[in-house]
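What follows is the content of protein_26.cif, which has mmCIF, C-alpha atoms (C1' of nucleotides):
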data_entry
loop_
_atom_site.label_atom_id
_atom_site.label_comp_id
_atom_site.auth_asym_id
_atom_site.auth_seq_id
_atom_site.Cartn_x
_atom_site.Cartn_y
_atom_site.Cartn_z
CA MET A 1 -20.74 -10.26 6.06
CA ARG A 2 -23.66 -12.35 5.29
CA ILE A 3 -24.49 -10.72 2.01
CA ASP A 4 -25.67 -12.88 -0.74
CA ASP A 5 -25.56 -16.38 0.58
CA ARG A 6 -28.99 -16.65 -0.83
CA ALA A 7 -28.30 -15.90 -4.42
CA ARG A 8 -29.43 -19.46 -4.89
CA ALA A 9 -33.05 -19.59 -5.88
CA GLY A 10 -33.30 -16.25 -7.59
CA PRO A 11 -36.10 -15.80 -10.08
CA ARG A 12 -33.73 -15.93 -12.98
CA GLU A 13 -31.12 -18.42 -11.91
CA ARG A 14 -28.91 -19.58 -14.72
CA LYS A 15 -30.15 -22.73 -16.26
CA ARG A 16 -26.86 -24.40 -17.11
CA ASN A 17 -24.28 -23.36 -14.61
CA GLU A 18 -22.46 -26.66 -14.68
CA GLY A 19 -20.38 -25.00 -17.37
CA GLN A 20 -16.93 -23.69 -16.53
CA GLY A 21 -17.95 -20.06 -16.21
CA GLU A 22 -15.97 -17.97 -13.80
CA ASP A 23 -19.20 -16.31 -12.79
CA TRP A 24 -20.44 -19.56 -11.46
CA LEU A 25 -17.18 -20.38 -9.72
CA ALA A 26 -16.89 -16.95 -8.13
CA ASP A 27 -20.43 -17.17 -6.90
CA ARG A 28 -19.97 -20.63 -5.44
CA LEU A 29 -16.77 -19.74 -3.68
CA HIS A 30 -18.33 -16.62 -2.24
CA ARG A 31 -21.35 -18.42 -0.92
CA GLY A 32 -19.27 -21.33 0.29
CA ALA A 33 -17.03 -19.06 2.29
CA ILE A 34 -19.97 -17.31 3.90
CA ALA A 35 -21.74 -20.52 4.82
CA LEU A 36 -18.59 -22.06 6.18
CA LEU A 37 -17.81 -19.17 8.46
CA ARG A 38 -21.34 -19.00 9.72
CA ALA A 39 -21.11 -22.65 10.65
CA VAL A 40 -18.03 -22.27 12.80
CA LYS A 41 -19.03 -18.98 14.38
CA VAL A 42 -20.98 -20.66 17.15
CA ALA A 43 -17.71 -21.89 18.64
CA ASP A 44 -16.65 -18.35 19.41
CA GLN A 45 -19.78 -17.52 21.31
CA GLU A 46 -19.02 -20.30 23.75
CA THR A 47 -15.93 -18.49 24.94
CA GLY A 48 -18.08 -15.79 26.53
CA VAL A 49 -15.81 -13.16 24.99
CA SER A 50 -17.10 -10.84 22.29
CA PRO A 51 -15.80 -11.24 18.73
CA PRO A 52 -13.77 -8.01 18.63
CA ARG A 53 -12.05 -8.87 21.90
CA LEU A 54 -11.44 -12.44 20.86
CA SER A 55 -10.00 -11.27 17.60
CA ALA A 56 -7.66 -8.79 19.27
CA LEU A 57 -6.58 -11.50 21.67
CA SER A 58 -5.84 -13.73 18.72
CA VAL A 59 -3.48 -11.15 17.28
CA LEU A 60 -1.62 -11.02 20.58
CA VAL A 61 -1.42 -14.79 20.96
CA PHE A 62 -0.30 -15.53 17.43
CA GLY A 63 1.48 -12.31 16.67
CA GLY A 64 3.24 -11.76 19.99
CA PRO A 65 3.39 -8.74 22.33
CA GLN A 66 3.00 -5.39 20.63
CA SER A 67 1.96 -1.77 20.98
CA LEU A 68 -1.60 -0.56 21.03
CA ALA A 69 -1.16 1.19 17.69
CA SER A 70 0.07 -1.92 15.93
CA LEU A 71 -2.71 -3.96 17.46
CA ALA A 72 -5.26 -1.42 16.29
CA SER A 73 -3.79 -1.45 12.80
CA ALA A 74 -3.80 -5.27 12.69
CA GLU A 75 -7.48 -5.26 13.56
CA GLY A 76 -8.36 -2.46 11.23
CA VAL A 77 -9.68 -0.17 13.96
CA LYS A 78 -8.54 3.18 15.33
CA PRO A 79 -6.45 3.48 18.48
CA PRO A 80 -9.28 4.70 20.74
CA THR A 81 -11.33 1.65 19.88
CA MET A 82 -8.47 -0.69 20.61
CA SER A 83 -7.67 1.18 23.79
CA LYS A 84 -11.08 0.26 25.14
CA LEU A 85 -10.95 -3.33 23.98
CA VAL A 86 -7.58 -3.80 25.60
CA ALA A 87 -8.79 -2.22 28.84
CA GLU A 88 -11.64 -4.71 28.95
CA LEU A 89 -9.44 -7.67 28.12
CA GLU A 90 -7.10 -6.51 30.85
CA ALA A 91 -9.92 -6.25 33.37
CA ASP A 92 -10.79 -9.86 32.59
CA GLY A 93 -7.19 -10.93 32.99
CA PHE A 94 -6.65 -12.01 29.39
CA VAL A 95 -3.94 -9.48 28.56
CA ALA A 96 -1.42 -7.38 30.49
CA LYS A 97 -0.15 -3.88 29.71
CA SER A 98 3.27 -2.58 30.62
CA PRO A 99 5.11 0.58 29.64
CA ASP A 100 7.47 0.25 26.71
CA PRO A 101 11.01 0.49 28.10
CA LYS A 102 12.14 1.94 24.78
CA ASP A 103 9.49 4.64 24.59
CA GLY A 104 7.86 6.30 27.54
CA ARG A 105 4.72 7.03 25.51
CA GLY A 106 4.16 3.49 24.34
CA LEU A 107 2.79 0.27 25.76
CA VAL A 108 3.65 -3.36 25.37
CA ILE A 109 0.51 -5.44 25.42
CA VAL A 110 0.84 -9.15 25.96
CA ALA A 111 -1.54 -12.07 26.30
CA THR A 112 -1.54 -13.65 29.75
CA PRO A 113 -1.40 -17.45 30.11
CA ARG A 114 -5.10 -17.31 30.80
CA GLY A 115 -5.73 -15.33 27.62
CA ARG A 116 -3.56 -17.69 25.65
CA LYS A 117 -5.46 -20.65 26.99
CA LEU A 118 -8.81 -19.12 26.09
CA MET A 119 -7.65 -18.37 22.58
CA LEU A 120 -6.20 -21.77 21.85
CA GLU A 121 -9.20 -23.58 23.20
CA GLY A 122 -11.49 -21.40 21.10
CA ARG A 123 -9.48 -22.16 18.05
CA ASP A 124 -9.64 -25.85 18.75
CA ARG A 125 -13.39 -25.75 19.14
CA ARG A 126 -13.70 -23.84 15.89
CA LEU A 127 -11.59 -26.28 13.97
CA ALA A 128 -13.31 -29.23 15.63
CA ILE A 129 -16.57 -28.22 14.03
CA LEU A 130 -14.97 -28.26 10.62
CA LYS A 131 -13.14 -31.51 11.23
CA GLN A 132 -16.30 -33.21 12.29
CA ARG A 133 -17.93 -32.22 9.01
CA LEU A 134 -14.91 -33.20 7.00
CA GLY A 135 -15.16 -36.64 8.50
CA ARG A 136 -18.41 -37.18 6.64
CA LEU A 137 -16.91 -36.69 3.21
CA SER A 138 -15.55 -39.39 0.93
CA LYS A 139 -11.82 -39.80 0.44
CA ALA A 140 -12.14 -38.48 -3.08
CA ASP A 141 -13.90 -35.35 -1.90
CA LEU A 142 -11.32 -34.80 0.78
CA ALA A 143 -8.62 -35.02 -1.85
CA ARG A 144 -10.43 -32.39 -3.91
CA LEU A 145 -10.59 -30.07 -0.96
CA HIS A 146 -6.95 -30.65 -0.22
CA ALA A 147 -6.05 -29.67 -3.73
CA ALA A 148 -8.13 -26.53 -3.60
CA ALA A 149 -7.46 -25.20 -0.10
CA PRO A 150 -4.11 -23.57 -0.89
CA LEU A 151 -5.66 -21.93 -3.95
CA LEU A 152 -8.33 -20.39 -1.82
CA LEU A 153 -5.73 -18.63 0.24
CA GLU A 154 -3.75 -17.62 -2.78
CA LEU A 155 -6.86 -16.20 -4.36
CA ALA A 156 -7.60 -14.05 -1.36
CA ARG A 157 -4.05 -12.86 -0.85
CA GLY A 158 -3.86 -11.72 -4.47
CA MET B 159 -15.46 -12.54 11.78
CA ARG B 160 -11.83 -11.89 11.51
CA ILE B 161 -10.77 -14.26 14.22
CA ASP B 162 -7.74 -16.28 13.61
CA ASP B 163 -6.70 -15.47 10.13
CA ARG B 164 -3.31 -15.16 11.57
CA ALA B 165 -2.93 -18.59 13.03
CA ARG B 166 -0.18 -18.91 10.49
CA ALA B 167 3.11 -18.06 12.03
CA GLY B 168 2.41 -19.35 15.51
CA PRO B 169 5.38 -20.18 17.69
CA ARG B 170 4.71 -23.86 17.40
CA GLU B 171 3.49 -24.24 13.88
CA ARG B 172 3.43 -27.82 12.69
CA LYS B 173 6.53 -28.74 10.77
CA ARG B 174 5.02 -31.17 8.29
CA ASN B 175 1.53 -30.16 7.48
CA GLU B 176 1.71 -31.27 3.90
CA GLY B 177 0.34 -34.54 5.26
CA GLN B 178 -3.33 -35.33 4.85
CA GLY B 179 -4.37 -34.27 8.36
CA GLU B 180 -7.86 -32.94 8.75
CA ASP B 181 -6.44 -30.43 11.17
CA TRP B 182 -4.45 -28.89 8.41
CA LEU B 183 -7.33 -28.94 5.99
CA ALA B 184 -9.79 -27.44 8.45
CA ASP B 185 -7.34 -24.69 9.26
CA ARG B 186 -6.67 -23.88 5.63
CA LEU B 187 -10.32 -23.79 4.72
CA HIS B 188 -11.11 -21.57 7.65
CA ARG B 189 -8.40 -19.11 6.87
CA GLY B 190 -9.15 -19.22 3.18
CA ALA B 191 -12.78 -18.37 3.77
CA ILE B 192 -11.90 -15.43 6.00
CA ALA B 193 -9.37 -14.01 3.59
CA LEU B 194 -11.67 -14.40 0.62
CA LEU B 195 -14.53 -12.57 2.23
CA ARG B 196 -12.30 -9.79 3.38
CA ALA B 197 -11.12 -9.34 -0.17
CA VAL B 198 -14.57 -8.85 -1.64
CA LYS B 199 -15.96 -6.75 1.18
CA VAL B 200 -14.71 -3.52 -0.31
CA ALA B 201 -17.25 -3.87 -3.10
CA ASP B 202 -20.10 -3.52 -0.65
CA GLN B 203 -18.82 -0.29 0.80
CA GLU B 204 -19.04 1.33 -2.60
CA THR B 205 -22.80 1.02 -2.60
CA GLY B 206 -23.08 3.59 0.18
CA VAL B 207 -25.48 1.30 2.01
CA SER B 208 -24.47 -0.28 5.29
CA PRO B 209 -23.85 -4.04 5.42
CA PRO B 210 -26.93 -4.94 7.50
CA ARG B 211 -29.21 -2.99 5.15
CA LEU B 212 -27.54 -4.37 2.06
CA SER B 213 -27.88 -7.87 3.41
CA ALA B 214 -31.57 -7.45 4.18
CA LEU B 215 -32.10 -6.03 0.73
CA SER B 216 -30.38 -9.04 -0.73
CA VAL B 217 -32.86 -11.34 1.00
CA LEU B 218 -35.71 -9.40 -0.54
CA VAL B 219 -34.21 -9.33 -4.01
CA PHE B 220 -33.24 -12.98 -4.15
CA GLY B 221 -35.86 -14.39 -1.84
CA GLY B 222 -38.84 -12.34 -2.96
CA PRO B 223 -41.37 -10.25 -1.02
CA GLN B 224 -41.97 -11.40 2.53
CA SER B 225 -43.02 -10.46 6.03
CA LEU B 226 -40.87 -8.63 8.50
CA ALA B 227 -40.64 -11.66 10.73
CA SER B 228 -39.36 -13.93 8.00
CA LEU B 229 -36.89 -11.29 6.91
CA ALA B 230 -35.64 -10.96 10.46
CA SER B 231 -35.29 -14.70 10.79
CA ALA B 232 -33.42 -14.96 7.49
CA GLU B 233 -30.95 -12.38 8.71
CA GLY B 234 -30.60 -13.85 12.14
CA VAL B 235 -31.83 -10.73 13.93
CA LYS B 236 -34.88 -10.01 16.06
CA PRO B 237 -37.99 -8.31 14.67
CA PRO B 238 -37.36 -4.89 16.26
CA THR B 239 -33.95 -4.75 14.64
CA MET B 240 -35.37 -5.59 11.24
CA SER B 241 -38.21 -3.14 11.75
CA LYS B 242 -35.68 -0.33 11.94
CA LEU B 243 -33.58 -1.54 9.03
CA VAL B 244 -36.65 -1.80 6.84
CA ALA B 245 -37.80 1.67 7.86
CA GLU B 246 -34.46 3.07 6.79
CA LEU B 247 -34.40 1.15 3.53
CA GLU B 248 -37.91 2.42 2.88
CA ALA B 249 -36.87 6.00 3.58
CA ASP B 250 -34.13 5.60 0.98
CA GLY B 251 -36.57 4.16 -1.53
CA PHE B 252 -34.99 0.70 -1.74
CA VAL B 253 -37.96 -1.23 -0.38
CA ALA B 254 -41.71 -0.72 -0.07
CA LYS B 255 -44.05 -1.89 2.69
CA SER B 256 -47.70 -2.74 2.20
CA PRO B 257 -50.24 -4.40 4.48
CA ASP B 258 -50.65 -8.12 4.01
CA PRO B 259 -54.08 -8.68 2.45
CA LYS B 260 -54.25 -12.10 4.09
CA ASP B 261 -53.42 -10.94 7.58
CA GLY B 262 -54.23 -7.55 8.98
CA ARG B 263 -51.31 -7.74 11.37
CA GLY B 264 -48.69 -8.48 8.78
CA LEU B 265 -46.66 -6.64 6.19
CA VAL B 266 -45.43 -7.54 2.77
CA ILE B 267 -42.02 -6.02 2.21
CA VAL B 268 -40.73 -5.86 -1.32
CA ALA B 269 -37.62 -4.50 -3.00
CA THR B 270 -38.30 -1.57 -5.31
CA PRO B 271 -36.74 -1.46 -8.78
CA ARG B 272 -34.23 0.96 -7.37
CA GLY B 273 -33.37 -1.43 -4.54
CA ARG B 274 -33.11 -4.32 -6.93
CA LYS B 275 -30.76 -2.35 -9.15
CA LEU B 276 -28.53 -1.43 -6.24
CA MET B 277 -28.35 -5.03 -5.10
CA LEU B 278 -27.57 -6.54 -8.46
CA GLU B 279 -24.89 -3.99 -9.20
CA GLY B 280 -23.32 -4.61 -5.83
CA ARG B 281 -23.32 -8.32 -6.46
CA ASP B 282 -21.68 -7.83 -9.82
CA ARG B 283 -18.95 -5.70 -8.31
CA ARG B 284 -18.37 -8.31 -5.63
CA LEU B 285 -18.11 -11.15 -8.08
CA ALA B 286 -15.97 -9.05 -10.39
CA ILE B 287 -13.29 -8.87 -7.75
CA LEU B 288 -13.23 -12.63 -7.49
CA LYS B 289 -13.34 -13.18 -11.21
CA GLN B 290 -10.44 -10.86 -11.74
CA ARG B 291 -8.39 -12.92 -9.33
CA LEU B 292 -9.53 -16.17 -10.82
CA GLY B 293 -8.26 -14.98 -14.15
CA ARG B 294 -4.73 -15.12 -12.82
CA LEU B 295 -4.82 -18.82 -12.04
CA SER B 296 -3.76 -21.65 -14.33
CA LYS B 297 -6.32 -23.85 -15.99
CA ALA B 298 -5.35 -26.73 -13.74
CA ASP B 299 -5.88 -24.64 -10.64
CA LEU B 300 -9.24 -23.46 -11.91
CA ALA B 301 -10.25 -27.06 -12.41
CA ARG B 302 -9.26 -27.84 -8.83
CA LEU B 303 -11.38 -24.99 -7.53
CA HIS B 304 -14.27 -26.11 -9.66
CA ALA B 305 -14.08 -29.57 -8.20
CA ALA B 306 -13.97 -28.24 -4.65
CA ALA B 307 -16.48 -25.39 -4.72
CA PRO B 308 -19.60 -27.56 -4.35
CA LEU B 309 -17.96 -29.40 -1.47
CA LEU B 310 -17.41 -26.17 0.33
CA LEU B 311 -21.11 -25.48 0.29
CA GLU B 312 -21.97 -29.02 1.23
CA LEU B 313 -19.57 -28.84 4.12
CA ALA B 314 -21.19 -25.74 5.48
CA ARG B 315 -24.74 -26.85 4.99
CA GLY B 316 -24.25 -30.14 6.83
"C1'" DC C 317 20.03 24.11 25.25
"C1'" DG C 318 15.34 25.18 24.54
"C1'" DA C 319 11.20 25.75 21.67
"C1'" DC C 320 8.22 23.17 19.00
"C1'" DA C 321 6.38 19.72 15.95
"C1'" DA C 322 5.20 14.81 15.96
"C1'" DT C 323 3.72 10.56 18.11
"C1'" DA C 324 1.32 7.22 21.73
"C1'" DA C 325 -2.32 6.52 24.31
"C1'" DT C 326 -6.41 8.13 26.52
"C1'" DT C 327 -10.81 10.72 27.36
"C1'" DA C 328 -15.19 12.66 25.78
"C1'" DG C 329 -18.99 12.61 22.87
"C1'" DT C 330 -21.54 10.73 18.80
"C1'" DT C 331 -23.49 7.17 15.89
"C1'" DA C 332 -25.09 2.54 14.14
"C1'" DG C 333 -26.93 -1.60 15.13
"C1'" DA C 334 -27.99 -5.15 18.16
"C1'" DC C 335 -30.84 -6.65 22.25
"C1'" DT C 336 -35.06 -7.06 25.81
"C1'" DA C 337 -39.36 -5.49 27.58
"C1'" DA C 338 -43.72 -3.82 26.94
"C1'" DC C 339 -47.41 -2.46 23.99
"C1'" DG C 340 -51.69 -2.24 20.67
"C1'" DA C 341 -53.84 -4.51 16.88
"C1'" DA C 342 -55.44 -8.55 14.77
"C1'" DC C 343 -55.96 -13.43 14.27
"C1'" DT C 344 -57.35 -18.29 16.16
"C1'" DA C 345 -59.17 -21.71 18.94
"C1'" DT C 346 -61.84 -22.87 22.48
"C1'" DA D 347 -67.08 -14.19 23.27
"C1'" DT D 348 -63.14 -14.50 25.30
"C1'" DA D 349 -58.48 -16.18 26.15
"C1'" DG D 350 -54.24 -16.75 24.21
"C1'" DT D 351 -51.02 -16.03 20.37
"C1'" DT D 352 -48.68 -13.61 16.81
"C1'" DC D 353 -47.12 -9.26 14.15
"C1'" DG D 354 -45.06 -5.18 14.17
"C1'" DT D 355 -43.63 -1.00 16.74
"C1'" DT D 356 -41.82 1.92 20.52
"C1'" DA D 357 -38.72 2.78 24.30
"C1'" DG D 358 -34.54 2.07 26.59
"C1'" DT D 359 -29.96 -0.11 27.06
"C1'" DC D 360 -25.53 -2.06 25.48
"C1'" DT D 361 -21.39 -2.76 22.55
"C1'" DA D 362 -18.29 -1.12 19.43
"C1'" DA D 363 -17.10 1.86 15.96
"C1'" DC D 364 -15.79 6.80 14.78
"C1'" DT D 365 -13.78 11.93 15.40
"C1'" DA D 366 -11.97 15.55 18.11
"C1'" DA D 367 -9.45 17.05 21.78
"C1'" DT D 368 -6.01 16.11 25.86
"C1'" DT D 369 -1.80 14.58 28.09
"C1'" DA D 370 2.74 12.87 28.13
"C1'" DT D 371 6.79 11.87 25.86
"C1'" DT D 372 10.01 11.94 22.03
"C1'" DG D 373 12.67 13.90 18.46
"C1'" DT D 374 14.48 17.82 15.88
"C1'" DC D 375 16.08 22.28 14.59
"C1'" DG D 376 17.63 26.91 15.35
#
Written as C-alpha cells, how would this file's structure read?
Amino acid sequence: MRIDDRARAGPRERKRNEGQGEDWLADRLHRGAIALLRAVKVADQETGVSPPRLSALSVLVFGGPQSLASLASAEGVKPPTMSKLVAELEADGFVAKSPDPKDGRGLVIVATPRGRKLMLEGRDRRLAILKQRLGRLSKADLARLHAAAPLLLELARG
Amino acid sequence: MRIDDRARAGPRERKRNEGQGEDWLADRLHRGAIALLRAVKVADQETGVSPPRLSALSVLVFGGPQSLASLASAEGVKPPTMSKLVAELEADGFVAKSPDPKDGRGLVIVATPRGRKLMLEGRDRRLAILKQRLGRLSKADLARLHAAAPLLLELARG
DNA sequence: CGACAATAATTAGTTAGACTAACGAACTAT
DNA sequence: ATAGTTCGTTAGTCTAACTAATTATTGTCG
C-alpha cells in the first residue's frame, strides 16, 4: 500500500491547511503511516525470508501454535495459500507440523526455536530503526508522540 | 506489510510499558501505522483497479506527467514492470502515452481526465474512512493527533 | 450401525505482478 | 563517425494469490 504518499505537491494543494480540518489531519496521518512503514520495511528484507512467510511466522510466534485454517484466517489468505507457505517455512526449519491429537484431519503448526529466533531478531531490527529516528527528536516532540500513539491504534481499531 | 501487528499479547509482554521507553513508543507507532493502513485499504478495492495500478496513477495525478523511468523509480519498481502497468492503465483509458518531443527515446505519460477522476474519488473515499473515525474522538484527542501528525512524517522522512 | 453431509488439508491449474536478461532505437561524447 | 549510454519493450522465470477438485476424517441422522 503505497498509494498516495505523494499527495503533497499537487497542483491545487490547499493554501491554509494549518487549520484544524479533519481533511488535513486524515491526510497527514495516512501519509505518515505509509512513510513510516516504508522506512522500517528494509529490516525485514535482511531476514532473507519473504514478507508473507515472515508474517505467518509472526502469527505463530506471538499467537502460539494453531491449525492451518486459523493461521490462514489470521493472515487473510485461503487455506491452500497458507498450506504452501507453511510447507516452505517447514522446509527451512522455521516451523514444525504435527497431527492434531484431537482431530485426525487437522494440524498443529508451531514455530521452532529457530523460527522464533528469526522472528524476534527481525522485530528488534525493525524497532531499532524507529528508535534510532526517535532519538533525534526533542523531548517535547517525543511527548507529543507519546500522547498520540495510543490514539493511532484506537483510530484503526474503530 | 502486515508483519507484527500482533506483537501485542506476547508471552513476555512488558509489565510496565506506560513508562517513557522508546521501545514502547516505537512499537506503538509501528502497530498503529499498520492498523491504520489496513483500515483504509478497503476504499481502494472499490475502485476496481489493482493497487499497483492505482498507485502508479496516483503518481501521475499528483506528480504530473513524466517518463516511464521516473514513474518506475517513484514506485520502486523496475522499468519493465512499469511498462506493463502503464500499458494496462492505457488500455483502460486512465493514462495516455505520447512520445517525448525532447527525446526520441522517451515517453511522456499523463493521466487522462478519466484517470484523474478515478484517483481523486478513491482518495476521497480513503480519507472519508479516516475522517469518520476521527469524528468519534474527543477534542482533546484530536488536538493530540494534530500535534503528532507532522512528527510522524518527519520521523519517516529522516 | 451405516450412509452421508461437513470439515481439514492438500493438489492442480490459473492469474497478477515482480524480477533479470537481452534487444532495437535514439541520444551524447569523444 | 563511432563507441558507449539510456529509454522503453519483449521474453522468460519466480512468488504468491485465487478457485476447483481430491482425500481423509469427523459428526450426524435415520
Inset, instruction - List the residues matched by the PyMOL selection byres ((chain B and resi 253-259) around 12) in the displayed structure as a PyMOL selection string, ordered by chain and then by residue number. - result: (chain B and resi 211-212+214-219+222-226+241+243-252+260-277) or (chain C and resi 342) or (chain D and resi 353-354)
Inset, instruction - Using the chain letters and numbering of this document, enumerate as a list in words the residues selected by the PyMOL selection byres ((chain C and resi 345) around 9). - result: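 Residues picked by the PyMOL selection byres ((chain C and resi 345) around 9): DT344 and DT346 of chain C; DG350 of chain D.
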Legend entry - Distance of C1' of DC320 (chain C) from CA of Ser70 (chain A), expressed in Å to one decimal place: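 Taking CA of Ser70 (chain A) as the start and C1' of DC320 (chain C) as the end point, the length is 26.6 Å.
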Inset, instruction - Find the distance between CA of Asp27 (chain A) and CA of Leu195 (chain B) and write it in Å to one decimal. - result: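 About the pair CA of Asp27 (chain A) and CA of Leu195 (chain B): they are 11.8 Å apart.
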Inset, instruction - Quote the spacing between CA of Glu22 (chain A) and CA of Gly293 (chain B) in Å to one decimal place. - result: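 Answer for the CA of Glu22 (chain A) to CA of Gly293 (chain B) separation: 8.3 Å.
Of the listed residues (B:Pro237, B:Asp202, B:Pro308, B:Leu187), B:Pro237 comes nearest to chain D; the distances count all atoms listed in the file.
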Inset, instruction - Find the residues in chain D near chain A: any atom within 8 Å counts, using all atoms listed in the file. Write them as a count of residues only. - result: 5
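In chain C, the set of residues within 8 Å of chain B (atoms considered: all atoms listed in the file) is C:DG333, C:DA334, C:DA341, C:DA342, C:DC343.
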How close does each residue of region 34-59 of chain A get to region 125-132 of chain A, giving the shortest atom pair and distance in Å to one decimal for every residue with an atom at most 12 Å away, counting all atoms listed in the file, sorted by chain and residue number, as CSV?
residue,atom,partner,partner_atom,distance
A:Ala35,CA,A:Leu130,CA,11.8
A:Leu36,CA,A:Leu130,CA,8.4
A:Leu37,CA,A:Arg126,CA,9.7
A:Arg38,CA,A:Arg126,CA,10.9
A:Ala39,CA,A:Ile129,CA,7.9
A:Val40,CA,A:Arg126,CA,5.5
A:Lys41,CA,A:Arg126,CA,7.4
A:Val42,CA,A:Arg126,CA,8.0
A:Ala43,CA,A:Arg126,CA,5.2
A:Asp44,CA,A:Arg126,CA,7.2
A:Gln45,CA,A:Arg126,CA,10.3
A:Glu46,CA,A:Arg125,CA,9.1
A:Thr47,CA,A:Arg125,CA,9.6
Just the selected residues (C-alpha atoms), exported as a compact mmCIF listing (two decimals), in the coordinates of the input, please.
# COMPACT_ATOMS: atom_id res chain seq x y z
CA ALA A 35 -21.74 -20.52 4.82
CA LEU A 36 -18.59 -22.06 6.18
CA LEU A 37 -17.81 -19.17 8.46
CA ARG A 38 -21.34 -19.00 9.72
CA ALA A 39 -21.11 -22.65 10.65
CA VAL A 40 -18.03 -22.27 12.80
CA LYS A 41 -19.03 -18.98 14.38
CA VAL A 42 -20.98 -20.66 17.15
CA ALA A 43 -17.71 -21.89 18.64
CA ASP A 44 -16.65 -18.35 19.41
CA GLN A 45 -19.78 -17.52 21.31
CA GLU A 46 -19.02 -20.30 23.75
CA THR A 47 -15.93 -18.49 24.94
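Take the candidates A:Arg144, A:Ala74, A:Gly48, A:Lys139 and check each one against chain B using all atoms listed in the file; the shortest distance goes to A:Arg144.
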Inset, instruction - Decode the PyMOL selection byres ((chain C and resi 338) around 10) for the given file into explicit residues and return them as a VMD selection string. - result: (chain C and resid 336 to 337 339) or (chain D and resid 356 to 357)
Inset, instruction - Could you check which of A:Val49, A:Phe62, A:Gly76, A:Arg136 is closest to chain B, using only C-alpha atoms? - result: A:Phe62
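Of the listed residues (A:Glu154, A:Glu75, A:Ser55, A:Gly122), A:Ser55 comes nearest to chain B; the distances count all atoms listed in the file.
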Inset, instruction - Select, counting all atoms listed in the file, all protein, DNA and RNA residues no farther than 12 Å from (10.5, 24.7, 22.1) in file coordinates, and express the selection as JSON, numbers by chain. - result: {"C": [317, 318, 319, 320, 321], "D": [373, 374, 375, 376]}
Neighbour residues at most 10 Å from (-11.0, -27.8, -10.2) (only C-alpha atoms (C1' of nucleotides)) as a compact mmCIF listing (two decimals) with C-alpha atoms, in the frame of the given file:
# COMPACT_ATOMS: atom_id res chain seq x y z
CA GLN A 20 -16.93 -23.69 -16.53
CA LEU A 25 -17.18 -20.38 -9.72
CA ARG A 144 -10.43 -32.39 -3.91
CA LEU A 145 -10.59 -30.07 -0.96
CA ALA A 147 -6.05 -29.67 -3.73
CA ALA A 148 -8.13 -26.53 -3.60
CA LYS B 297 -6.32 -23.85 -15.99
CA ALA B 298 -5.35 -26.73 -13.74
CA ASP B 299 -5.88 -24.64 -10.64
CA LEU B 300 -9.24 -23.46 -11.91
CA ALA B 301 -10.25 -27.06 -12.41
CA ARG B 302 -9.26 -27.84 -8.83
CA LEU B 303 -11.38 -24.99 -7.53
CA HIS B 304 -14.27 -26.11 -9.66
CA ALA B 305 -14.08 -29.57 -8.20
CA ALA B 306 -13.97 -28.24 -4.65
CA ALA B 307 -16.48 -25.39 -4.72
Kindly provide, as lines of an AutoDock Vina configuration file, the centre and edge lengths (Å, one decimal) of an axis-aligned box around all atoms of region 243-256 of chain B given in the file, with 6 Å on each side.
center_x = -40.6
center_y = 1.6
center_z = 3.6
size_x = 26.1
size_y = 20.7
size_z = 22.8
